[in-house]
Amino acid sequence: MNTKSYFIFALTTIVLLAVEILLSAPDGYFTRTIILYGTLVVAAISFLSYFISARSVNSDNPNKFVRGVMGGTFLKFFLCIVAVGILLFLLQKKLHKPDLFLLMFVYLVYTVVETGLLFTLSRKQQ
């Protein structure tokens, strides 16, 4: 994994956190702590998924790459479901649904970034 992918993940995280801080002003619509911690959790999970998938790009066996990408995707999806379950358990009936929808959008952004990085990484290997 090269430094460009680290930079892109860090830049994506910084931009998302800055936008979320602006959206979650004290009189804003979103709960600041939920979306900031949620974004950091999704960023860490996406980075782990990318790391697992990127390890298998250099393999001569194309099946290993497919297994790596699928394993990373399932791991990311499962860990996000666990994180949402923990959030629901901790907040119980006080969950603000727009916070959850914003975190779904953050998940989508990181999925697009991860897919784009894996695509460019796999094209460089050919």
# chains A, B, ... in the order shown; residues from 1 in each chain; ligands from 1

$ closest_atom_pairs --of "range 47-77 of chain A" --to "range 4-14 of chain A" --cutoff "12 Å" --atoms "only C-alpha atoms" --output "JSON lines"
{"residue": "A:Phe47", "atom": "CA", "partner": "A:Phe9", "partner_atom": "CA", "distance": 7.4}
{"residue": "A:Leu48", "atom": "CA", "partner": "A:Phe9", "partner_atom": "CA", "distance": 11.2}
{"residue": "A:Tyr50", "atom": "CA", "partner": "A:Ser5", "partner_atom": "CA", "distance": 9.3}
{"residue": "A:Phe51", "atom": "CA", "partner": "A:Ser5", "partner_atom": "CA", "distance": 9.9}
{"residue": "A:Ala54", "atom": "CA", "partner": "A:Ser5", "partner_atom": "CA", "distance": 10.3}

$ write_last_selection --atoms "N, CA and C atoms" --output "PDB file, in the first residue's frame"
ATOM      1  N   PHE A  47     -10.649   1.536   6.235  1.00  0.00           N
ATOM      2  CA  PHE A  47      -9.204   1.398   6.045  1.00  0.00           C
ATOM      3  C   PHE A  47      -8.768  -0.045   6.251  1.00  0.00           C
ATOM      4  N   LEU A  48      -9.321  -0.724   7.252  1.00  0.00           N
ATOM      5  CA  LEU A  48      -9.014  -2.137   7.483  1.00  0.00           C
ATOM      6  C   LEU A  48      -9.466  -2.987   6.294  1.00  0.00           C
ATOM      7  N   TYR A  50      -9.846  -1.969   3.193  1.00  0.00           N
ATOM      8  CA  TYR A  50      -8.956  -1.665   2.069  1.00  0.00           C
ATOM      9  C   TYR A  50      -7.621  -2.380   2.231  1.00  0.00           C
ATOM     10  N   PHE A  51      -7.103  -2.407   3.447  1.00  0.00           N
ATOM     11  CA  PHE A  51      -5.821  -3.064   3.696  1.00  0.00           C
ATOM     12  C   PHE A  51      -5.907  -4.557   3.383  1.00  0.00           C
ATOM     13  N   ALA A  54      -6.196  -4.853  -0.477  1.00  0.00           N
ATOM     14  CA  ALA A  54      -4.991  -4.430  -1.194  1.00  0.00           C
ATOM     15  C   ALA A  54      -3.860  -5.443  -1.053  1.00  0.00           C
TER      16      ALA A  54
END

$ residues_around --residues "Phe77 in chain A" --least-positions-apart "5" --cutoff "9 Å" --atoms "only C-alpha atoms" --output "MDAnalysis selection string"
chainID A and resid 45 72 82

$ residues_around --residues "Ile86 in chain A" --least-positions-apart "6" --cutoff "12 Å" --atoms "only C-alpha atoms" --output "list in words"
Ile34, Gly38, Val41, Leu79, Cys80, Gln92 and Leu95 of chain A

$ write_last_selection --atoms "N, CA and C atoms" --output "compact mmCIF listing (two decimals), in the first residue's frame"
# COMPACT_ATOMS: atom_id res chain seq x y z
N ILE A 34 -22.17 11.80 18.07
CA ILE A 34 -22.54 10.58 17.35
C ILE A 34 -21.92 10.57 15.96
N GLY A 38 -18.87 8.23 14.92
CA GLY A 38 -19.32 7.29 13.88
C GLY A 38 -18.47 7.39 12.62
N VAL A 41 -15.17 5.69 13.28
CA VAL A 41 -15.32 4.23 13.28
C VAL A 41 -15.44 3.72 11.84
N LEU A 79 -18.86 -5.44 10.51
CA LEU A 79 -18.42 -4.54 11.58
C LEU A 79 -19.29 -3.28 11.66
N CYS A 80 -19.77 -2.80 10.53
CA CYS A 80 -20.69 -1.65 10.55
C CYS A 80 -22.02 -2.03 11.18
N GLN A 92 -30.66 3.41 22.94
CA GLN A 92 -31.99 2.85 23.05
C GLN A 92 -33.04 3.69 22.33
N LEU A 95 -32.34 7.60 19.92
CA LEU A 95 -31.60 7.69 18.67
C LEU A 95 -32.22 8.74 17.76

$ select_by_dssp --residues "range 22-124 of chain A" --states "helix (DSSP H, G or I)" --output "PDB file with N, CA and C atoms, in the first residue's frame"
ATOM      1  N   LEU A  22     -19.476  21.489  10.741  1.00  0.00           N
ATOM      2  CA  LEU A  22     -20.308  22.612  10.309  1.00  0.00           C
ATOM      3  C   LEU A  22     -21.798  22.269  10.363  1.00  0.00           C
ATOM      4  N   LEU A  23     -22.141  21.029  10.016  1.00  0.00           N
ATOM      5  CA  LEU A  23     -23.549  20.621  10.033  1.00  0.00           C
ATOM      6  C   LEU A  23     -24.095  20.438  11.438  1.00  0.00           C
ATOM      7  N   ARG A  32     -23.532  16.019  17.396  1.00  0.00           N
ATOM      8  CA  ARG A  32     -22.113  16.129  17.046  1.00  0.00           C
ATOM      9  C   ARG A  32     -21.314  14.898  17.469  1.00  0.00           C
ATOM     10  N   THR A  33     -21.455  14.435  18.682  1.00  0.00           N
ATOM     11  CA  THR A  33     -20.619  13.322  19.142  1.00  0.00           C
ATOM     12  C   THR A  33     -20.914  12.039  18.369  1.00  0.00           C
ATOM     13  N   ILE A  34     -22.173  11.805  18.072  1.00  0.00           N
ATOM     14  CA  ILE A  34     -22.539  10.581  17.354  1.00  0.00           C
ATOM     15  C   ILE A  34     -21.920  10.572  15.958  1.00  0.00           C
ATOM     16  N   ILE A  35     -22.062  11.652  15.231  1.00  0.00           N
ATOM     17  CA  ILE A  35     -21.567  11.625  13.852  1.00  0.00           C
ATOM     18  C   ILE A  35     -20.050  11.714  13.775  1.00  0.00           C
ATOM     19  N   LEU A  36     -19.406  12.382  14.720  1.00  0.00           N
ATOM     20  CA  LEU A  36     -17.946  12.453  14.681  1.00  0.00           C
ATOM     21  C   LEU A  36     -17.317  11.104  15.031  1.00  0.00           C
ATOM     22  N   TYR A  37     -17.783  10.496  16.116  1.00  0.00           N
ATOM     23  CA  TYR A  37     -17.260   9.172  16.467  1.00  0.00           C
ATOM     24  C   TYR A  37     -17.658   8.123  15.428  1.00  0.00           C
ATOM     25  N   GLY A  38     -18.866   8.228  14.918  1.00  0.00           N
ATOM     26  CA  GLY A  38     -19.315   7.295  13.882  1.00  0.00           C
ATOM     27  C   GLY A  38     -18.466   7.389  12.625  1.00  0.00           C
ATOM     28  N   THR A  39     -18.111   8.601  12.244  1.00  0.00           N
ATOM     29  CA  THR A  39     -17.260   8.783  11.066  1.00  0.00           C
ATOM     30  C   THR A  39     -15.886   8.186  11.287  1.00  0.00           C
ATOM     31  N   LEU A  40     -15.335   8.367  12.477  1.00  0.00           N
ATOM     32  CA  LEU A  40     -14.024   7.782  12.770  1.00  0.00           C
ATOM     33  C   LEU A  40     -14.073   6.254  12.779  1.00  0.00           C
ATOM     34  N   VAL A  41     -15.171   5.695  13.281  1.00  0.00           N
ATOM     35  CA  VAL A  41     -15.319   4.235  13.276  1.00  0.00           C
ATOM     36  C   VAL A  41     -15.441   3.718  11.844  1.00  0.00           C
ATOM     37  N   VAL A  42     -16.254   4.375  11.024  1.00  0.00           N
ATOM     38  CA  VAL A  42     -16.413   3.951   9.629  1.00  0.00           C
ATOM     39  C   VAL A  42     -15.097   4.111   8.867  1.00  0.00           C
ATOM     40  N   ALA A  43     -14.342   5.171   9.165  1.00  0.00           N
ATOM     41  CA  ALA A  43     -13.045   5.372   8.514  1.00  0.00           C
ATOM     42  C   ALA A  43     -12.083   4.247   8.874  1.00  0.00           C
ATOM     43  N   ALA A  44     -12.041   3.871  10.152  1.00  0.00           N
ATOM     44  CA  ALA A  44     -11.146   2.792  10.576  1.00  0.00           C
ATOM     45  C   ALA A  44     -11.545   1.454   9.957  1.00  0.00           C
ATOM     46  N   ILE A  45     -12.841   1.183   9.917  1.00  0.00           N
ATOM     47  CA  ILE A  45     -13.320  -0.065   9.327  1.00  0.00           C
ATOM     48  C   ILE A  45     -13.020  -0.095   7.825  1.00  0.00           C
ATOM     49  N   SER A  46     -13.225   1.020   7.142  1.00  0.00           N
ATOM     50  CA  SER A  46     -12.955   1.070   5.699  1.00  0.00           C
ATOM     51  C   SER A  46     -11.470   0.926   5.409  1.00  0.00           C
ATOM     52  N   PHE A  47     -10.649   1.536   6.235  1.00  0.00           N
ATOM     53  CA  PHE A  47      -9.204   1.398   6.045  1.00  0.00           C
ATOM     54  C   PHE A  47      -8.768  -0.045   6.251  1.00  0.00           C
ATOM     55  N   LEU A  48      -9.321  -0.724   7.252  1.00  0.00           N
ATOM     56  CA  LEU A  48      -9.014  -2.137   7.483  1.00  0.00           C
ATOM     57  C   LEU A  48      -9.466  -2.987   6.294  1.00  0.00           C
ATOM     58  N   SER A  49     -10.646  -2.716   5.780  1.00  0.00           N
ATOM     59  CA  SER A  49     -11.149  -3.445   4.617  1.00  0.00           C
ATOM     60  C   SER A  49     -10.266  -3.220   3.394  1.00  0.00           C
ATOM     61  N   TYR A  50      -9.846  -1.969   3.193  1.00  0.00           N
ATOM     62  CA  TYR A  50      -8.956  -1.665   2.069  1.00  0.00           C
ATOM     63  C   TYR A  50      -7.621  -2.380   2.231  1.00  0.00           C
ATOM     64  N   PHE A  51      -7.103  -2.407   3.447  1.00  0.00           N
ATOM     65  CA  PHE A  51      -5.821  -3.064   3.696  1.00  0.00           C
ATOM     66  C   PHE A  51      -5.907  -4.557   3.383  1.00  0.00           C
ATOM     67  N   ILE A  52      -6.994  -5.194   3.779  1.00  0.00           N
ATOM     68  CA  ILE A  52      -7.176  -6.619   3.504  1.00  0.00           C
ATOM     69  C   ILE A  52      -7.281  -6.860   2.000  1.00  0.00           C
ATOM     70  N   SER A  53      -8.032  -6.015   1.312  1.00  0.00           N
ATOM     71  CA  SER A  53      -8.209  -6.183  -0.134  1.00  0.00           C
ATOM     72  C   SER A  53      -6.931  -5.863  -0.898  1.00  0.00           C
ATOM     73  N   ALA A  54      -6.196  -4.853  -0.477  1.00  0.00           N
ATOM     74  CA  ALA A  54      -4.991  -4.430  -1.194  1.00  0.00           C
ATOM     75  C   ALA A  54      -3.860  -5.443  -1.053  1.00  0.00           C
ATOM     76  N   ARG A  55      -3.865  -6.222   0.014  1.00  0.00           N
ATOM     77  CA  ARG A  55      -2.817  -7.236   0.183  1.00  0.00           C
ATOM     78  C   ARG A  55      -2.873  -8.297  -0.906  1.00  0.00           C
ATOM     79  N   PRO A  62      -5.863 -14.857  -9.636  1.00  0.00           N
ATOM     80  CA  PRO A  62      -6.954 -13.865  -9.592  1.00  0.00           C
ATOM     81  C   PRO A  62      -8.036 -14.214  -8.571  1.00  0.00           C
ATOM     82  N   ASN A  63      -8.148 -15.501  -8.245  1.00  0.00           N
ATOM     83  CA  ASN A  63      -9.144 -15.896  -7.247  1.00  0.00           C
ATOM     84  C   ASN A  63      -8.798 -15.337  -5.866  1.00  0.00           C
ATOM     85  N   LYS A  64      -7.510 -15.211  -5.590  1.00  0.00           N
ATOM     86  CA  LYS A  64      -7.095 -14.663  -4.306  1.00  0.00           C
ATOM     87  C   LYS A  64      -7.523 -13.197  -4.191  1.00  0.00           C
ATOM     88  N   PHE A  65      -7.429 -12.454  -5.275  1.00  0.00           N
ATOM     89  CA  PHE A  65      -7.867 -11.056  -5.258  1.00  0.00           C
ATOM     90  C   PHE A  65      -9.367 -10.965  -5.012  1.00  0.00           C
ATOM     91  N   VAL A  66     -10.138 -11.796  -5.672  1.00  0.00           N
ATOM     92  CA  VAL A  66     -11.593 -11.792  -5.496  1.00  0.00           C
ATOM     93  C   VAL A  66     -11.945 -12.166  -4.058  1.00  0.00           C
ATOM     94  N   ARG A  67     -11.262 -13.171  -3.518  1.00  0.00           N
ATOM     95  CA  ARG A  67     -11.518 -13.558  -2.130  1.00  0.00           C
ATOM     96  C   ARG A  67     -11.141 -12.437  -1.167  1.00  0.00           C
ATOM     97  N   GLY A  68     -10.053 -11.732  -1.440  1.00  0.00           N
ATOM     98  CA  GLY A  68      -9.644 -10.622  -0.584  1.00  0.00           C
ATOM     99  C   GLY A  68     -10.641  -9.484  -0.595  1.00  0.00           C
ATOM    100  N   VAL A  69     -11.122  -9.141  -1.789  1.00  0.00           N
ATOM    101  CA  VAL A  69     -12.105  -8.053  -1.898  1.00  0.00           C
ATOM    102  C   VAL A  69     -13.421  -8.460  -1.241  1.00  0.00           C
ATOM    103  N   MET A  70     -13.866  -9.667  -1.490  1.00  0.00           N
ATOM    104  CA  MET A  70     -15.119 -10.114  -0.878  1.00  0.00           C
ATOM    105  C   MET A  70     -14.988 -10.228   0.637  1.00  0.00           C
ATOM    106  N   GLY A  71     -13.857 -10.726   1.112  1.00  0.00           N
ATOM    107  CA  GLY A  71     -13.632 -10.822   2.552  1.00  0.00           C
ATOM    108  C   GLY A  71     -13.602  -9.456   3.211  1.00  0.00           C
ATOM    109  N   GLY A  72     -12.917  -8.516   2.578  1.00  0.00           N
ATOM    110  CA  GLY A  72     -12.883  -7.151   3.109  1.00  0.00           C
ATOM    111  C   GLY A  72     -14.246  -6.497   3.126  1.00  0.00           C
ATOM    112  N   THR A  73     -15.012  -6.720   2.080  1.00  0.00           N
ATOM    113  CA  THR A  73     -16.357  -6.141   2.002  1.00  0.00           C
ATOM    114  C   THR A  73     -17.278  -6.738   3.054  1.00  0.00           C
ATOM    115  N   PHE A  74     -17.246  -8.059   3.213  1.00  0.00           N
ATOM    116  CA  PHE A  74     -18.093  -8.691   4.226  1.00  0.00           C
ATOM    117  C   PHE A  74     -17.673  -8.272   5.626  1.00  0.00           C
ATOM    118  N   LEU A  75     -16.366  -8.162   5.857  1.00  0.00           N
ATOM    119  CA  LEU A  75     -15.882  -7.727   7.158  1.00  0.00           C
ATOM    120  C   LEU A  75     -16.351  -6.301   7.452  1.00  0.00           C
ATOM    121  N   LYS A  76     -16.250  -5.425   6.459  1.00  0.00           N
ATOM    122  CA  LYS A  76     -16.685  -4.042   6.644  1.00  0.00           C
ATOM    123  C   LYS A  76     -18.185  -3.986   6.924  1.00  0.00           C
ATOM    124  N   PHE A  77     -18.951  -4.711   6.160  1.00  0.00           N
ATOM    125  CA  PHE A  77     -20.398  -4.712   6.347  1.00  0.00           C
ATOM    126  C   PHE A  77     -20.772  -5.253   7.727  1.00  0.00           C
ATOM    127  N   PHE A  78     -20.143  -6.352   8.134  1.00  0.00           N
ATOM    128  CA  PHE A  78     -20.443  -6.959   9.435  1.00  0.00           C
ATOM    129  C   PHE A  78     -20.040  -6.036  10.575  1.00  0.00           C
ATOM    130  N   LEU A  79     -18.860  -5.436  10.509  1.00  0.00           N
ATOM    131  CA  LEU A  79     -18.421  -4.539  11.578  1.00  0.00           C
ATOM    132  C   LEU A  79     -19.291  -3.282  11.658  1.00  0.00           C
ATOM    133  N   CYS A  80     -19.772  -2.801  10.526  1.00  0.00           N
ATOM    134  CA  CYS A  80     -20.688  -1.651  10.553  1.00  0.00           C
ATOM    135  C   CYS A  80     -22.022  -2.032  11.184  1.00  0.00           C
ATOM    136  N   ILE A  81     -22.505  -3.224  10.918  1.00  0.00           N
ATOM    137  CA  ILE A  81     -23.742  -3.688  11.550  1.00  0.00           C
ATOM    138  C   ILE A  81     -23.542  -3.817  13.057  1.00  0.00           C
ATOM    139  N   VAL A  82     -22.387  -4.329  13.478  1.00  0.00           N
ATOM    140  CA  VAL A  82     -22.094  -4.426  14.915  1.00  0.00           C
ATOM    141  C   VAL A  82     -22.025  -3.039  15.539  1.00  0.00           C
ATOM    142  N   ALA A  83     -21.386  -2.085  14.847  1.00  0.00           N
ATOM    143  CA  ALA A  83     -21.292  -0.713  15.374  1.00  0.00           C
ATOM    144  C   ALA A  83     -22.675  -0.084  15.509  1.00  0.00           C
ATOM    145  N   VAL A  84     -23.540  -0.285  14.534  1.00  0.00           N
ATOM    146  CA  VAL A  84     -24.906   0.247  14.618  1.00  0.00           C
ATOM    147  C   VAL A  84     -25.667  -0.438  15.751  1.00  0.00           C
ATOM    148  N   GLY A  85     -25.463  -1.735  15.919  1.00  0.00           N
ATOM    149  CA  GLY A  85     -26.101  -2.444  17.028  1.00  0.00           C
ATOM    150  C   GLY A  85     -25.661  -1.914  18.377  1.00  0.00           C
ATOM    151  N   ILE A  86     -24.374  -1.630  18.532  1.00  0.00           N
ATOM    152  CA  ILE A  86     -23.868  -1.045  19.778  1.00  0.00           C
ATOM    153  C   ILE A  86     -24.470   0.334  19.993  1.00  0.00           C
ATOM    154  N   LEU A  87     -24.529   1.126  18.921  1.00  0.00           N
ATOM    155  CA  LEU A  87     -25.124   2.458  19.019  1.00  0.00           C
ATOM    156  C   LEU A  87     -26.589   2.379  19.439  1.00  0.00           C
ATOM    157  N   LEU A  88     -27.331   1.478  18.841  1.00  0.00           N
ATOM    158  CA  LEU A  88     -28.746   1.319  19.196  1.00  0.00           C
ATOM    159  C   LEU A  88     -28.900   0.836  20.638  1.00  0.00           C
ATOM    160  N   PHE A  89     -28.002  -0.042  21.069  1.00  0.00           N
ATOM    161  CA  PHE A  89     -28.077  -0.551  22.437  1.00  0.00           C
ATOM    162  C   PHE A  89     -27.772   0.552  23.449  1.00  0.00           C
ATOM    163  N   LEU A  90     -26.773   1.386  23.142  1.00  0.00           N
ATOM    164  CA  LEU A  90     -26.398   2.451  24.072  1.00  0.00           C
ATOM    165  C   LEU A  90     -27.428   3.573  24.131  1.00  0.00           C
ATOM    166  N   LEU A  91     -27.973   3.939  22.981  1.00  0.00           N
ATOM    167  CA  LEU A  91     -28.911   5.068  22.947  1.00  0.00           C
ATOM    168  C   LEU A  91     -30.353   4.657  23.170  1.00  0.00           C
ATOM    169  N   GLN A  92     -30.660   3.415  22.936  1.00  0.00           N
ATOM    170  CA  GLN A  92     -31.995   2.847  23.052  1.00  0.00           C
ATOM    171  C   GLN A  92     -33.035   3.694  22.326  1.00  0.00           C
ATOM    172  N   LYS A  93     -33.913   4.365  22.994  1.00  0.00           N
ATOM    173  CA  LYS A  93     -34.996   5.084  22.320  1.00  0.00           C
ATOM    174  C   LYS A  93     -34.648   6.536  22.015  1.00  0.00           C
ATOM    175  N   LYS A  94     -33.429   6.971  22.336  1.00  0.00           N
ATOM    176  CA  LYS A  94     -33.048   8.364  22.120  1.00  0.00           C
ATOM    177  C   LYS A  94     -32.272   8.557  20.818  1.00  0.00           C
ATOM    178  N   LYS A  97     -32.642   9.693  14.185  1.00  0.00           N
ATOM    179  CA  LYS A  97     -32.533   8.980  12.914  1.00  0.00           C
ATOM    180  C   LYS A  97     -31.704   9.705  11.850  1.00  0.00           C
ATOM    181  N   PRO A  98     -31.748  11.042  11.752  1.00  0.00           N
ATOM    182  CA  PRO A  98     -30.887  11.705  10.767  1.00  0.00           C
ATOM    183  C   PRO A  98     -29.390  11.450  10.993  1.00  0.00           C
ATOM    184  N   ASP A  99     -28.988  11.226  12.247  1.00  0.00           N
ATOM    185  CA  ASP A  99     -27.590  10.870  12.505  1.00  0.00           C
ATOM    186  C   ASP A  99     -27.244   9.548  11.831  1.00  0.00           C
ATOM    187  N   LEU A 100     -28.141   8.592  11.941  1.00  0.00           N
ATOM    188  CA  LEU A 100     -27.920   7.279  11.334  1.00  0.00           C
ATOM    189  C   LEU A 100     -27.888   7.376   9.809  1.00  0.00           C
ATOM    190  N   PHE A 101     -28.749   8.200   9.234  1.00  0.00           N
ATOM    191  CA  PHE A 101     -28.762   8.373   7.782  1.00  0.00           C
ATOM    192  C   PHE A 101     -27.490   9.079   7.296  1.00  0.00           C
ATOM    193  N   LEU A 102     -26.995  10.030   8.058  1.00  0.00           N
ATOM    194  CA  LEU A 102     -25.739  10.690   7.699  1.00  0.00           C
ATOM    195  C   LEU A 102     -24.584   9.701   7.748  1.00  0.00           C
ATOM    196  N   LEU A 103     -24.581   8.820   8.738  1.00  0.00           N
ATOM    197  CA  LEU A 103     -23.527   7.807   8.810  1.00  0.00           C
ATOM    198  C   LEU A 103     -23.637   6.793   7.674  1.00  0.00           C
ATOM    199  N   MET A 104     -24.842   6.544   7.197  1.00  0.00           N
ATOM    200  CA  MET A 104     -24.997   5.696   6.009  1.00  0.00           C
ATOM    201  C   MET A 104     -24.372   6.369   4.787  1.00  0.00           C
ATOM    202  N   PHE A 105     -24.539   7.678   4.689  1.00  0.00           N
ATOM    203  CA  PHE A 105     -23.907   8.418   3.599  1.00  0.00           C
ATOM    204  C   PHE A 105     -22.380   8.368   3.730  1.00  0.00           C
ATOM    205  N   VAL A 106     -21.868   8.478   4.948  1.00  0.00           N
ATOM    206  CA  VAL A 106     -20.420   8.385   5.178  1.00  0.00           C
ATOM    207  C   VAL A 106     -19.902   7.010   4.756  1.00  0.00           C
ATOM    208  N   TYR A 107     -20.662   5.955   5.083  1.00  0.00           N
ATOM    209  CA  TYR A 107     -20.313   4.600   4.649  1.00  0.00           C
ATOM    210  C   TYR A 107     -20.230   4.532   3.121  1.00  0.00           C
ATOM    211  N   LEU A 108     -21.187   5.150   2.454  1.00  0.00           N
ATOM    212  CA  LEU A 108     -21.203   5.161   1.001  1.00  0.00           C
ATOM    213  C   LEU A 108     -19.989   5.900   0.437  1.00  0.00           C
ATOM    214  N   VAL A 109     -19.630   7.030   1.037  1.00  0.00           N
ATOM    215  CA  VAL A 109     -18.465   7.795   0.577  1.00  0.00           C
ATOM    216  C   VAL A 109     -17.198   6.966   0.713  1.00  0.00           C
ATOM    217  N   TYR A 110     -17.010   6.327   1.862  1.00  0.00           N
ATOM    218  CA  TYR A 110     -15.814   5.512   2.049  1.00  0.00           C
ATOM    219  C   TYR A 110     -15.805   4.289   1.131  1.00  0.00           C
ATOM    220  N   THR A 111     -16.955   3.743   0.834  1.00  0.00           N
ATOM    221  CA  THR A 111     -17.016   2.614  -0.096  1.00  0.00           C
ATOM    222  C   THR A 111     -16.584   3.045  -1.494  1.00  0.00           C
ATOM    223  N   VAL A 112     -17.022   4.218  -1.926  1.00  0.00           N
ATOM    224  CA  VAL A 112     -16.619   4.735  -3.240  1.00  0.00           C
ATOM    225  C   VAL A 112     -15.118   5.008  -3.268  1.00  0.00           C
ATOM    226  N   VAL A 113     -14.585   5.608  -2.212  1.00  0.00           N
ATOM    227  CA  VAL A 113     -13.141   5.894  -2.154  1.00  0.00           C
ATOM    228  C   VAL A 113     -12.339   4.594  -2.159  1.00  0.00           C
ATOM    229  N   GLU A 114     -12.764   3.634  -1.362  1.00  0.00           N
ATOM    230  CA  GLU A 114     -12.060   2.353  -1.298  1.00  0.00           C
ATOM    231  C   GLU A 114     -12.105   1.623  -2.647  1.00  0.00           C
ATOM    232  N   THR A 115     -13.249   1.626  -3.291  1.00  0.00           N
ATOM    233  CA  THR A 115     -13.374   0.966  -4.591  1.00  0.00           C
ATOM    234  C   THR A 115     -12.499   1.655  -5.640  1.00  0.00           C
ATOM    235  N   GLY A 116     -12.486   2.971  -5.638  1.00  0.00           N
ATOM    236  CA  GLY A 116     -11.636   3.699  -6.582  1.00  0.00           C
ATOM    237  C   GLY A 116     -10.156   3.417  -6.364  1.00  0.00           C
ATOM    238  N   LEU A 117      -9.731   3.376  -5.108  1.00  0.00           N
ATOM    239  CA  LEU A 117      -8.322   3.077  -4.822  1.00  0.00           C
ATOM    240  C   LEU A 117      -7.961   1.648  -5.226  1.00  0.00           C
ATOM    241  N   LEU A 118      -8.854   0.711  -4.957  1.00  0.00           N
ATOM    242  CA  LEU A 118      -8.581  -0.677  -5.367  1.00  0.00           C
ATOM    243  C   LEU A 118      -8.562  -0.812  -6.881  1.00  0.00           C
ATOM    244  N   PHE A 119      -9.427  -0.077  -7.553  1.00  0.00           N
ATOM    245  CA  PHE A 119      -9.445  -0.121  -9.022  1.00  0.00           C
ATOM    246  C   PHE A 119      -8.128   0.384  -9.596  1.00  0.00           C
ATOM    247  N   THR A 120      -7.643   1.530  -9.100  1.00  0.00           N
ATOM    248  CA  THR A 120      -6.382   2.055  -9.618  1.00  0.00           C
ATOM    249  C   THR A 120      -5.220   1.168  -9.236  1.00  0.00           C
ATOM    250  N   LEU A 121      -5.275   0.571  -8.048  1.00  0.00           N
ATOM    251  CA  LEU A 121      -4.196  -0.315  -7.618  1.00  0.00           C
ATOM    252  C   LEU A 121      -4.158  -1.581  -8.477  1.00  0.00           C
ATOM    253  N   SER A 122      -5.327  -2.122  -8.823  1.00  0.00           N
ATOM    254  CA  SER A 122      -5.346  -3.318  -9.654  1.00  0.00           C
ATOM    255  C   SER A 122      -4.932  -3.026 -11.097  1.00  0.00           C
ATOM    256  N   ARG A 123      -5.215  -1.825 -11.597  1.00  0.00           N
ATOM    257  CA  ARG A 123      -4.804  -1.450 -12.955  1.00  0.00           C
ATOM    258  C   ARG A 123      -3.297  -1.260 -13.050  1.00  0.00           C
ATOM    259  N   LYS A 124      -2.684  -0.781 -11.970  1.00  0.00           N
ATOM    260  CA  LYS A 124      -1.229  -0.601 -11.967  1.00  0.00           C
ATOM    261  C   LYS A 124      -0.495  -1.935 -11.998  1.00  0.00           C
TER     262      LYS A 124
END
